[in-house]
Every structure is written in structure tokens, then in C-alpha cells.
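Undergrad: For reference, the file upload17.cif (mmCIF, C-alpha atoms and all ligand atoms) is included below:
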```
data_data
loop_
_atom_site.label_atom_id
_atom_site.label_comp_id
_atom_site.auth_asym_id
_atom_site.auth_seq_id
_atom_site.Cartn_x
_atom_site.Cartn_y
_atom_site.Cartn_z
CA MET A 1 0.00 0.00 0.00
CA GLU A 2 1.45 3.32 -1.10
CA THR A 3 0.52 6.68 0.35
CA ILE A 4 -0.71 9.29 -2.08
CA LEU A 5 -1.02 12.72 -0.55
CA THR A 6 -2.66 15.72 -2.03
CA GLY A 7 -3.07 19.22 -0.68
CA VAL A 8 -5.71 21.38 -2.26
CA ARG A 9 -5.84 25.12 -1.80
CA VAL A 10 -9.37 26.43 -1.56
CA ASN A 11 -9.04 30.16 -1.08
CA GLU A 12 -10.32 31.25 -4.46
CA GLU A 13 -13.52 30.27 -6.24
CA PRO A 14 -12.52 27.46 -8.59
CA THR A 15 -13.30 27.58 -12.31
CA ILE A 16 -14.58 24.91 -14.62
CA GLY A 17 -10.95 24.70 -15.77
CA ASN A 18 -9.90 23.73 -12.24
CA PHE A 19 -12.67 21.16 -12.19
CA LEU A 20 -11.61 19.56 -15.47
CA GLY A 21 -7.86 19.94 -14.95
CA ALA A 22 -7.54 19.12 -11.26
CA TYR A 23 -10.71 17.85 -9.55
CA ALA A 24 -11.71 15.29 -12.15
CA PRO A 25 -8.19 13.82 -12.54
CA MET A 26 -7.89 13.66 -8.75
CA ILE A 27 -11.17 11.76 -8.45
CA ASN A 28 -10.07 9.38 -11.21
CA LEU A 29 -6.79 8.85 -9.44
CA SER A 30 -8.57 8.05 -6.18
CA ARG A 31 -10.70 5.45 -8.01
CA GLU A 32 -7.75 3.86 -9.79
CA HIS A 33 -5.84 3.68 -6.53
CA SER A 34 -8.65 2.69 -4.21
CA GLU A 35 -6.34 0.11 -2.62
CA ASP A 36 -3.73 2.70 -1.76
CA ARG A 37 -3.94 5.20 1.07
CA ILE A 38 -5.07 8.62 -0.03
CA ASN A 39 -4.54 11.61 2.22
CA PHE A 40 -6.57 14.48 0.93
CA PHE A 41 -6.08 17.65 2.92
CA VAL A 42 -6.71 21.37 2.79
CA PRO A 43 -3.53 23.34 3.51
CA ASP A 44 -5.43 26.04 5.36
CA LEU A 45 -2.33 27.26 7.18
CA HIS A 46 -0.89 27.96 3.75
CA SER A 47 -3.82 30.10 2.71
CA PHE A 48 -2.70 33.36 4.31
CA THR A 49 0.95 33.48 3.29
CA THR A 50 -0.33 36.34 1.14
CA PRO A 51 -3.17 38.62 2.36
CA ILE A 52 -6.72 37.21 2.34
CA ASP A 53 -10.14 38.04 3.79
CA HIS A 54 -9.97 36.10 7.06
CA SER A 55 -13.69 36.34 7.72
CA LYS A 56 -14.21 33.91 4.83
CA LEU A 57 -11.46 31.39 5.54
CA TYR A 58 -13.47 28.87 7.54
CA GLU A 59 -16.43 28.78 5.16
CA GLN A 60 -14.16 28.59 2.15
CA THR A 61 -12.49 25.52 3.56
CA ILE A 62 -15.79 23.76 4.15
CA LYS A 63 -17.06 24.77 0.73
CA GLY A 64 -13.84 23.65 -0.94
CA ILE A 65 -14.31 20.19 0.55
CA LYS A 66 -17.96 20.11 -0.53
CA TYR A 67 -16.82 20.73 -4.08
CA TYR A 68 -14.59 17.66 -4.01
CA LEU A 69 -17.33 15.56 -2.49
CA ALA A 70 -19.77 16.78 -5.13
CA ALA A 71 -17.17 15.91 -7.78
CA GLY A 72 -17.22 12.33 -6.53
CA LEU A 73 -14.50 11.85 -3.91
CA ASP A 74 -15.54 8.62 -2.21
CA VAL A 75 -15.92 9.28 1.51
CA ASN A 76 -16.95 5.69 2.13
CA ASN A 77 -13.58 4.33 1.10
CA PRO A 78 -11.76 3.78 4.43
CA ASN A 79 -8.40 4.38 2.68
CA ILE A 80 -9.31 7.98 1.89
CA HIS A 81 -8.63 10.46 4.68
CA ILE A 82 -9.85 14.03 4.47
CA TYR A 83 -8.48 16.62 6.89
CA ARG A 84 -7.47 20.21 7.51
CA GLN A 85 -3.81 20.98 8.03
CA SER A 86 -4.63 23.44 10.83
CA ARG A 87 -6.22 20.69 12.92
CA ILE A 88 -3.04 18.62 12.95
CA PRO A 89 -0.58 20.57 15.10
CA ALA A 90 2.27 18.23 14.14
CA HIS A 91 2.50 19.95 10.73
CA ALA A 92 3.57 23.26 12.23
CA GLU A 93 5.82 21.56 14.73
CA LEU A 94 7.64 19.43 12.17
CA CYS A 95 7.91 22.52 9.98
CA TRP A 96 9.99 24.21 12.66
CA ILE A 97 12.28 21.22 12.95
CA LEU A 98 12.70 21.00 9.16
CA ASP A 99 13.42 24.75 9.10
CA CYS A 100 16.51 24.08 11.14
CA PHE A 101 17.76 21.57 8.60
CA THR A 102 17.10 23.71 5.54
CA PRO A 103 19.90 25.99 4.38
CA PHE A 104 18.65 29.54 3.91
CA GLY A 105 20.26 29.68 0.47
CA GLU A 106 18.38 26.62 -0.72
CA ALA A 107 15.03 28.00 0.41
CA SER A 108 15.89 31.36 -1.17
CA ARG A 109 16.01 29.77 -4.60
CA MET A 110 12.29 29.01 -4.68
CA THR A 111 10.89 30.79 -7.71
CA GLN A 112 7.33 30.89 -6.39
CA PHE A 113 8.52 32.91 -3.40
CA LYS A 114 10.18 35.38 -5.73
CA GLU A 115 7.12 35.62 -7.97
CA LYS A 116 4.56 35.95 -5.22
CA GLY A 117 6.85 38.33 -3.40
CA ALA A 118 6.95 40.50 -6.50
CA GLU A 119 3.13 40.43 -6.71
CA HIS A 120 2.75 41.52 -3.09
CA PRO A 121 5.82 43.67 -2.44
CA ASP A 122 4.28 45.20 0.70
CA ALA A 123 3.40 41.84 2.19
CA VAL A 124 6.44 39.61 1.89
CA THR A 125 6.19 37.69 5.14
CA VAL A 126 8.38 35.10 6.77
CA GLY A 127 5.40 32.78 6.24
CA LEU A 128 5.60 33.23 2.48
CA PHE A 129 9.28 32.35 2.62
CA ASN A 130 8.60 29.35 4.82
CA TYR A 131 5.73 28.07 2.70
CA PRO A 132 7.67 25.25 0.98
CA ILE A 133 9.08 23.96 4.24
CA LEU A 134 5.62 23.65 5.77
CA MET A 135 4.72 21.84 2.57
CA ALA A 136 7.65 19.46 3.11
CA ALA A 137 6.29 18.77 6.60
CA ASP A 138 2.83 18.07 5.13
CA ILE A 139 4.37 15.40 2.94
CA LEU A 140 7.06 13.86 5.15
CA LEU A 141 4.79 13.47 8.20
CA TYR A 142 2.79 10.79 6.43
CA ASP A 143 5.60 8.99 4.59
CA ALA A 144 3.86 9.97 1.38
CA LYS A 145 5.56 8.68 -1.72
CA TYR A 146 3.22 10.10 -4.34
CA VAL A 147 2.13 13.71 -4.35
CA PRO A 148 0.09 14.88 -7.36
CA LEU A 149 1.13 18.45 -8.05
CA GLY A 150 0.93 21.16 -10.64
CA GLU A 151 4.14 22.03 -12.43
CA ASP A 152 4.50 25.20 -10.40
CA GLN A 153 4.99 23.00 -7.33
CA PHE A 154 7.70 20.66 -8.64
CA GLN A 155 10.46 22.79 -7.19
CA HIS A 156 8.83 22.52 -3.76
CA LEU A 157 8.67 18.75 -4.10
CA GLU A 158 12.37 18.71 -4.92
CA LEU A 159 13.04 20.75 -1.79
CA ALA A 160 11.05 18.26 0.31
CA ARG A 161 13.11 15.44 -1.18
CA ASN A 162 16.36 17.24 -0.39
CA ILE A 163 15.32 17.84 3.20
CA ALA A 164 14.39 14.16 3.58
CA ILE A 165 17.69 12.99 2.07
CA ARG A 166 19.69 15.33 4.29
CA MET A 167 17.94 14.29 7.49
CA ASN A 168 17.99 10.59 6.62
CA ASN A 169 21.74 10.80 6.02
CA LYS A 170 22.20 12.39 9.40
CA PHE A 171 19.68 10.48 11.50
CA GLY A 172 19.11 7.16 9.74
CA GLN A 173 17.57 6.11 6.46
CA GLU A 174 14.35 4.90 8.09
CA LEU A 175 13.40 8.38 9.32
CA PHE A 176 11.50 9.64 6.27
CA THR A 177 10.12 7.92 3.19
CA LEU A 178 11.62 9.69 0.21
CA PRO A 179 8.85 11.13 -1.98
CA ALA A 180 9.12 9.94 -5.57
CA SER A 181 10.76 12.24 -8.09
CA GLU A 182 8.58 14.22 -10.43
CA LYS A 183 9.14 11.70 -13.24
CA GLU A 184 8.17 8.69 -11.13
CA GLN A 185 5.11 10.58 -9.92
CA VAL A 186 3.83 11.18 -13.42
CA LYS A 187 4.37 7.53 -14.33
CA PHE A 188 2.68 6.08 -11.26
CA MET A 189 -0.35 8.29 -11.40
CA HIS A 190 -0.89 8.35 -15.18
CA LEU A 191 -1.51 12.04 -14.89
CA GLU A 192 -2.43 13.61 -18.16
CA LYS A 193 -0.07 16.45 -18.66
CA GLY A 194 -0.88 19.78 -20.10
CA LEU A 195 -4.67 19.71 -19.90
CA ARG A 196 -5.53 23.34 -19.70
CA ILE A 197 -8.88 24.91 -20.27
CA ARG A 198 -8.29 28.28 -21.89
CA SER A 199 -9.60 31.70 -21.08
CA LEU A 200 -12.85 32.49 -22.91
CA THR A 201 -11.69 35.96 -23.85
CA GLU A 202 -8.00 35.30 -24.49
CA PRO A 203 -7.86 31.65 -25.54
CA ASN A 204 -4.09 31.71 -25.81
CA LYS A 205 -3.93 31.87 -22.02
CA LYS A 206 -5.23 29.42 -19.49
CA MET A 207 -8.52 30.11 -17.74
CA SER A 208 -7.44 31.66 -14.47
CA LYS A 209 -9.52 31.88 -11.31
CA SER A 210 -7.70 35.03 -10.31
CA SER A 211 -8.45 36.86 -13.57
CA GLU A 212 -10.22 40.17 -13.06
CA ASN A 213 -12.24 39.68 -16.22
CA GLU A 214 -15.45 37.87 -15.25
CA ARG A 215 -16.15 36.96 -18.87
CA SER A 216 -12.87 35.12 -19.24
CA LYS A 217 -13.79 32.36 -16.81
CA ILE A 218 -16.62 30.16 -15.65
CA LEU A 219 -16.73 29.67 -11.92
CA LEU A 220 -18.23 26.54 -10.42
CA CYS A 221 -20.59 28.81 -8.49
CA ASP A 222 -21.68 30.82 -11.54
CA ASP A 223 -25.37 31.02 -12.33
CA PRO A 224 -25.73 28.37 -15.09
CA LYS A 225 -27.62 30.68 -17.44
CA HIS A 226 -25.08 33.40 -16.96
CA ALA A 227 -22.28 30.87 -17.67
CA ALA A 228 -24.03 29.88 -20.90
CA LYS A 229 -23.97 33.52 -21.99
CA LYS A 230 -20.24 33.67 -21.39
CA ILE A 231 -19.77 30.67 -23.70
CA MET A 232 -21.93 32.37 -26.34
CA SER A 233 -19.66 35.41 -26.27
CA ALA A 234 -16.38 33.46 -26.16
CA THR A 235 -13.65 34.74 -28.43
CA THR A 236 -13.14 32.60 -31.52
CA ASP A 237 -11.42 33.41 -34.84
CA SER A 238 -12.18 34.28 -38.43
CA GLU A 239 -11.25 30.98 -40.06
CA GLY A 240 -14.94 30.17 -40.51
CA VAL A 241 -14.67 26.41 -40.17
CA ILE A 242 -14.64 24.23 -37.07
CA ARG A 243 -11.31 22.49 -36.59
CA PHE A 244 -9.26 21.37 -33.64
CA ASP A 245 -6.19 23.52 -33.96
CA MET A 246 -4.76 24.88 -30.74
CA VAL A 247 -2.40 27.22 -32.56
CA ASN A 248 -4.67 28.92 -35.09
CA GLN A 249 -8.06 28.28 -33.49
CA PRO A 250 -7.49 28.12 -29.74
CA GLY A 251 -10.99 29.41 -28.93
CA ILE A 252 -12.78 26.80 -31.03
CA SER A 253 -10.42 24.06 -29.81
CA ASN A 254 -11.14 25.10 -26.24
CA LEU A 255 -14.88 24.73 -26.81
CA LEU A 256 -14.39 21.28 -28.34
CA THR A 257 -12.22 20.26 -25.39
CA MET A 258 -14.81 21.40 -22.86
CA GLU A 259 -17.56 19.58 -24.73
CA SER A 260 -15.54 16.38 -24.77
CA LEU A 261 -14.59 16.49 -21.10
CA LEU A 262 -17.99 17.52 -19.78
CA THR A 263 -19.83 14.86 -21.77
CA ASN A 264 -17.16 12.21 -21.10
CA ARG A 265 -16.67 11.61 -24.78
CA ASP A 266 -13.45 11.03 -26.62
CA ILE A 267 -12.11 14.28 -28.06
CA GLN A 268 -11.68 12.61 -31.47
CA ASP A 269 -15.37 11.74 -31.58
CA VAL A 270 -16.38 15.28 -30.74
CA ILE A 271 -13.99 16.64 -33.36
CA SER A 272 -15.40 14.39 -36.07
CA ASP A 273 -18.98 15.33 -35.12
CA TRP A 274 -18.16 18.93 -35.93
CA ALA A 275 -15.63 18.45 -38.71
CA GLY A 276 -16.22 20.74 -41.64
CA GLN A 277 -19.13 22.60 -40.04
CA THR A 278 -19.07 26.33 -40.36
CA SER A 279 -21.48 27.65 -37.74
CA TYR A 280 -19.56 28.76 -34.68
CA GLY A 281 -22.97 29.71 -33.25
CA ASP A 282 -24.16 26.10 -33.36
CA LEU A 283 -21.04 24.88 -31.58
CA LYS A 284 -21.36 27.59 -28.97
CA ARG A 285 -25.03 26.78 -28.37
CA LYS A 286 -24.16 23.13 -27.85
CA VAL A 287 -21.30 23.85 -25.45
CA ALA A 288 -23.31 26.50 -23.62
CA ASP A 289 -26.06 23.96 -23.07
CA THR A 290 -23.57 21.35 -21.85
CA VAL A 291 -21.96 23.81 -19.44
CA MET A 292 -25.33 24.98 -18.16
CA HIS A 293 -26.48 21.46 -17.38
CA PHE A 294 -23.16 20.52 -15.85
CA LEU A 295 -23.23 23.52 -13.49
CA ALA A 296 -26.87 23.07 -12.51
CA ASP A 297 -26.26 19.44 -11.67
CA PHE A 298 -23.01 20.11 -9.83
CA GLN A 299 -24.50 22.94 -7.79
CA GLU A 300 -27.45 20.78 -6.82
CA ARG A 301 -25.06 18.16 -5.46
CA VAL A 302 -23.11 20.79 -3.52
CA LYS A 303 -26.34 22.11 -2.03
CA ASN A 304 -27.26 18.66 -0.78
CA ILE A 305 -24.11 18.36 1.31
CA SER A 306 -24.53 20.06 4.69
CA ASN A 307 -21.83 21.69 6.76
CA SER A 308 -22.35 19.08 9.43
CA ASP A 309 -21.80 16.28 6.89
CA VAL A 310 -18.46 17.85 6.09
CA GLU A 311 -17.60 18.37 9.77
CA ALA A 312 -18.30 14.71 10.48
CA ILE A 313 -16.07 13.59 7.61
CA LEU A 314 -13.32 15.92 8.79
CA GLU A 315 -13.55 14.71 12.35
CA ARG A 316 -12.90 11.17 11.20
CA GLY A 317 -10.06 12.21 8.92
CA GLU A 318 -8.47 14.41 11.53
CA GLN A 319 -8.50 11.65 14.10
CA TYR A 320 -6.60 9.41 11.72
CA ALA A 321 -4.22 12.19 10.67
CA ASN A 322 -3.37 13.21 14.22
CA THR A 323 -2.53 9.64 15.15
CA ALA A 324 -0.35 9.10 12.09
CA ALA A 325 1.34 12.50 12.27
CA ASN A 326 2.05 12.37 16.01
CA LYS A 327 3.70 9.01 15.61
CA LYS A 328 6.05 10.33 12.94
CA LEU A 329 6.69 13.53 14.86
CA ARG A 330 7.73 11.54 17.93
CA GLN A 331 10.10 9.49 15.78
CA VAL A 332 11.72 12.70 14.56
CA GLN A 333 11.85 14.21 18.04
CA LYS A 334 13.66 11.10 19.22
CA ALA A 335 16.04 11.13 16.27
CA ILE A 336 17.09 14.72 16.96
CA GLY A 337 17.53 14.10 20.67
CA LEU A 338 14.47 15.72 22.22
CA TYR A 339 13.21 12.37 23.59
CA LYS A 340 14.98 9.27 24.68
N1 LIG B 1 1.43 24.32 -2.45
C1 LIG B 1 0.37 23.51 -2.97
C2 LIG B 1 -0.34 24.30 -4.08
O1 LIG B 1 -0.25 25.50 -4.12
C3 LIG B 1 -0.61 23.13 -1.89
C4 LIG B 1 0.05 22.27 -0.86
C5 LIG B 1 0.42 22.63 0.39
C6 LIG B 1 0.42 20.93 -1.02
N2 LIG B 1 1.00 21.57 1.04
C7 LIG B 1 1.02 20.53 0.19
C8 LIG B 1 0.31 20.04 -2.07
C9 LIG B 1 1.53 19.24 0.35
C10 LIG B 1 0.79 18.75 -1.90
C11 LIG B 1 1.42 18.38 -0.70
O2 LIG B 1 -0.99 23.71 -4.90
#
```
Show the structure stored in the file as C-alpha cells.
Ligand code: TRP
TA:
Amino acid sequence: METILTGVRVNEEPTIGNFLGAYAPMINLSREHSEDRINFFVPDLHSFTTPIDHSKLYEQTIKGIKYYLAAGLDVNNPNIHIYRQSRIPAHAELCWILDCFTPFGEASRMTQFKEKGAEHPDAVTVGLFNYPILMAADILLYDAKYVPLGEDQFQHLELARNIAIRMNNKFGQELFTLPASEKEQVKFMHLEKGLRIRSLTEPNKKMSKSSENERSKILLCDDPKHAAKKIMSATTDSEGVIRFDMVNQPGISNLLTMESLLTNRDIQDVISDWAGQTSYGDLKRKVADTVMHFLADFQERVKNISNSDVEAILERGEQYANTAANKKLRQVQKAIGLYK
């Protein structure tokens, strides 16, 4: 039994692109690996390394978990554990210990710190700097070998591996399970690379939840009719014929991709359905209808999950996580000489 661990940030309203590119693959992964242990957690201590509205943090966490449940995460599988980082004090405690075995220079090389720091020049906190080391603690506490991650997080995974190697060399090879390298991760999890739903207004860019332009993105909480209108006004091109061509017709290709993923049909089948047709309006009407039904159905499922359902699931997951994490923490405390 391997441990797969995934941390999902929930502080912004997710888009349909997040659903198709992250939620759905994660749910598939959890089905394919139903015999492995899956730790699914919300890194809520990570969510204010840059400024946020704190009055919304709690509700956002609960809602973020509802979204995954509505997407099909199987809470009845006893190998799946769902928890909040903030409820497992061992994360913060191990983070401090790992801090003391992480050279400042190595942590300083993290490109995400530099980028986010540049975005928020007035709010560069020690927490933002320390972010990847807390992330290393999230992973190493559970002896997780597989950690599905976006490309922007690969450098952080490499840092976690380096910390584990360094401490194992000093304190014994059995201390931490070494997380698999990025290449092994991709192989084990059959993750489809490069699936990116594009912006509706600038289809050369990915659909981004943080975009200021409401018309560029479809949020999972959007009114379905309103979302359909956004599809109808999506930017296309002047080629005048429907083809799948990401370079010359990224808008049309994006619509075909959404149609294929939301209806669970092979992209090739969808492409041949539309091959040679010239009415962009017809394609848009079809995709708009698909998106509208998808959102209505998804939102209905979210509505049917109560806060207390989520709390009960978390309580179970957090009991498991505290037991597992405290055991590992004690092992580390012993290794570094705090306990006999
Ligand atoms: N940094 C990750 C992200 O932005 C979230 C995260 C925090 C995480 N801790 C983690 C992911 C541990 C995997 C494992 O997506």
C-alpha cells in the first residue's frame, strides 16, 4: 500500500478549468488507486501566506471540501482520509524542525517565493518564505511517496526530497520515506499532462480563477444561465470552419475540449462530429447547453451536502491524521535528541 497525498488550496472560487484539470483527474486517481492510502487535505495554514479576507477562511475551507465531495470523492472508502492541516498541530511543529535543517540559500532559490513576493511587495512575510518547508512537513509526516502536483509545485517537491535525504543521512535512512521524483510521480499516477482549459476571452492563455475579467472564466458557483452567456460570447477566430487547432483556433479548440470532457466523450469523436461545419454559433449553443447542465447538476449536489456532513467527515479524517502525524513527529523528536 502506497501513500498518495494531495493538498488542495481552496481560497479562491474554482473555475470549470480547475474542475476539469484538477478535480476530475484527482477523483479518477482516487478510483484507480482505491487500494492505496489517499490523504486528501486542505492546507489552510498555507492560505494566508499572502493577504486574504480572514472572515471567509473557515467557510471557504468547508465549501472547498464540498466541491470535491460533489465531484465524486468517495468518503466511504476507508483508505481515503480528508483533513485540515490546521487541525493537525504536528505539521507546524515538524515545519519548525525542518526549518533548522534547511539551508537559507536553498530556500531562497524558490521561484514561487520570488514571484509571489513580486506580486505583493508590501506583504512579503516570513510565512511566504517558509511556505515550501511547511509543505515538506505536510508530505514527510505521512511517509507519502506520491504527491500529485501542478508544475508550479515541482520545485517545492524537490526541496522536500532534499530535506528528507539530508535528514535521513544524518539520522538514519528509516526516518523519512523519500517522496518519488517528479518523473516517477507522473508515471505512477498516469496524470495527463498539459490539460488546460483556456480563457474564454484570451484563448491563448489558461482560464485563471484570479483573472479580473469575469467573462474570461466560468466559476463553479456561476449562475448556469449566466455561464451559458459567457460561452456564447467566447472569443473565436475568423477561419470560418470548425477544426481542432490549438495554434490557429485556440478558442474553437477550447470549446471542443470542454464539450468532450464535460460529456465524457473522446475528443476525437467530438472533433469528427463537428468536422467541416461552419457555424460557430451552433457549436457555442451546444457547449453553452452542456456547461449549463453541468453547473446546474453540480451545484445541486453541492447544495445537498450540509456543513455538518463535512464536519463529520473531517472529524474522522483528523483523528486518523493526528494519530499518524504524532507518531512520525515523535520518531523525529527522538532522532534529533528531544526524547529518549
Ligand atoms: N502548495 C500547494 C499548491 O499551491 C498546496 C500544498 C500545500 C500541497 N501543502 C502541500 C500540495 C503538500 C501537496 C502536498 O498547490
Undergrad: Per residue of chain A within 7 Å of ligand LIG 1 (chain B), record the nearest atom pair and its distance in Å to one decimal, counting only C-alpha atoms and all ligand atoms, with rows in chain order and ascending residue number, as a tab-separated table.
TA:
```
residue	atom	partner	partner_atom	distance
A:Leu5	CA	B:LIG1	C11	6.2
A:Thr6	CA	B:LIG1	C10	4.6
A:Gly7	CA	B:LIG1	C8	3.7
A:Val8	CA	B:LIG1	C3	5.4
A:Arg9	CA	B:LIG1	C3	5.6
A:Pro43	CA	B:LIG1	C5	5.1
A:His46	CA	B:LIG1	C5	6.4
A:Leu134	CA	B:LIG1	N2	6.9
A:Met135	CA	B:LIG1	N2	4.0
A:Ala136	CA	B:LIG1	C9	6.7
A:Asp138	CA	B:LIG1	C9	5.1
A:Ile139	CA	B:LIG1	C9	5.4
A:Val147	CA	B:LIG1	C10	5.8
A:Pro148	CA	B:LIG1	C10	6.7
A:Leu149	CA	B:LIG1	C10	6.2
A:Gly150	CA	B:LIG1	O2	6.6
A:Gln153	CA	B:LIG1	N1	6.2
```
Undergrad: Using all atoms listed in the file, which residues sit within 9 Å of Asn18 of chain A once same-chain residues fewer than 2 positions away are excluded, as a count of residues only?
TA: 14
Undergrad: Nearest to Thr61 of chain A: which of A:Val310, A:Ala90, A:Val10, A:Ile267 is it, counting all atoms listed in the file?
TA: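 Nearest to Thr61 of chain A: A:Val10.
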Undergrad: Just how far from atom CA of Leu219 of chain A is atom CA of Phe41 of chain A, in Å to one decimal?
TA: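 Atom CA of Leu219 of chain A lies at a distance of 21.9 Å from atom CA of Phe41 of chain A.
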Undergrad: Please produce, as a Markdown table, a per-residue contact table for segment 92-211 of chain A versus segment 221-242 of chain A (criterion: any atom at most 10 Å away, all atoms listed in the file considered), showing the nearest atom pair and its distance in Å to one decimal, sorted by chain then residue number.
TA:
```
| residue | atom | partner | partner_atom | distance |
| --- | --- | --- | --- | --- |
| A:Ser199 | CA | A:Ala234 | CA | 8.7 |
| A:Leu200 | CA | A:Ala234 | CA | 4.9 |
| A:Thr201 | CA | A:Thr235 | CA | 5.1 |
| A:Glu202 | CA | A:Thr235 | CA | 6.9 |
| A:Pro203 | CA | A:Thr235 | CA | 7.2 |
```
Undergrad: Please dump the current selection as a PDB file, in the frame of the given file; keep C-alpha atoms.
TA:
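And here's part-v2.pdb as it stands now:
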```
ATOM      1  CA  SER A 199      -9.600  31.700 -21.080  1.00  0.00           C
ATOM      2  CA  LEU A 200     -12.850  32.490 -22.910  1.00  0.00           C
ATOM      3  CA  THR A 201     -11.690  35.960 -23.850  1.00  0.00           C
ATOM      4  CA  GLU A 202      -8.000  35.300 -24.490  1.00  0.00           C
ATOM      5  CA  PRO A 203      -7.860  31.650 -25.540  1.00  0.00           C
TER       6      PRO A 203
END
```
Undergrad: Set the distance at 10 Å and use all atoms listed in the file: which residues neighbour Tyr58 of chain A once local chain neighbours fewer than 5 positions away are removed? I'd like the list as a PyMOL selection string.
TA: chain A and resi 11+44+63-64
Undergrad: With all atoms listed in the file as the atoms that count, which of A:Ile313, A:Ala71, A:Met110, A:Leu255 lies nearest to Val291 of chain A?
TA: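 Using all atoms listed in the file, Val291 of chain A sits closest to A:Leu255.
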Undergrad: Have a look at A:Phe176, A:Tyr339, A:Trp274, A:Tyr68 and name the one nearest to Pro25 of chain A; count only C-alpha atoms.
TA: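 Comparing A:Phe176, A:Tyr339, A:Trp274, A:Tyr68 against Pro25 of chain A, the winner is A:Tyr68.
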Undergrad: Using atom CA of Ala123 of chain A and atom CA of Thr49 of chain A as the two end points, give the distance in Å to one decimal.
TA: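 Atom-to-atom, atom CA of Ala123 of chain A and atom CA of Thr49 of chain A are spaced 8.8 Å apart.
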Undergrad: Please provide as a list in words all residues within 12 Å of Asp152 of chain A, with the sequence filter that same-chain residues fewer than 3 positions apart are discarded (counting all atoms listed in the file).
TA: Met110, Thr111, Gln112, Phe113, Glu115, Lys116, Pro132, Pro148, Leu149, Gln155, His156, Leu157, Glu158 and Glu182 of chain A
Undergrad: Which residue is closest to Leu141 of chain A? Choose from A:Lys327, A:Lys170, A:Lys334, A:Lys303 and count all atoms listed in the file.
TA: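 With all atoms listed in the file as the atom set, the closest residue is A:Lys327.
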Undergrad: Between atom CA of Asp143 of chain A and atom CA of Arg109 of chain A, measure the distance and give it in Å to one decimal.
TA: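 Taking atom CA of Asp143 of chain A and atom CA of Arg109 of chain A, their separation equals 25.0 Å.
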Undergrad: Rank A:Glu212, A:Ala107, A:Val42, A:Asn204 by their smallest atom-to-atom distance to Ser86 of chain A, using all atoms listed in the file, and report the top residue only.
TA: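 Comparing A:Glu212, A:Ala107, A:Val42, A:Asn204 against Ser86 of chain A, the winner is A:Val42.
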Undergrad: When distances are computed from all atoms listed in the file, which of A:Ser108, A:Leu159, A:Gln333, A:Val247 shows the smallest separation from Val126 of chain A?
TA: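 Closest candidate: A:Ser108.
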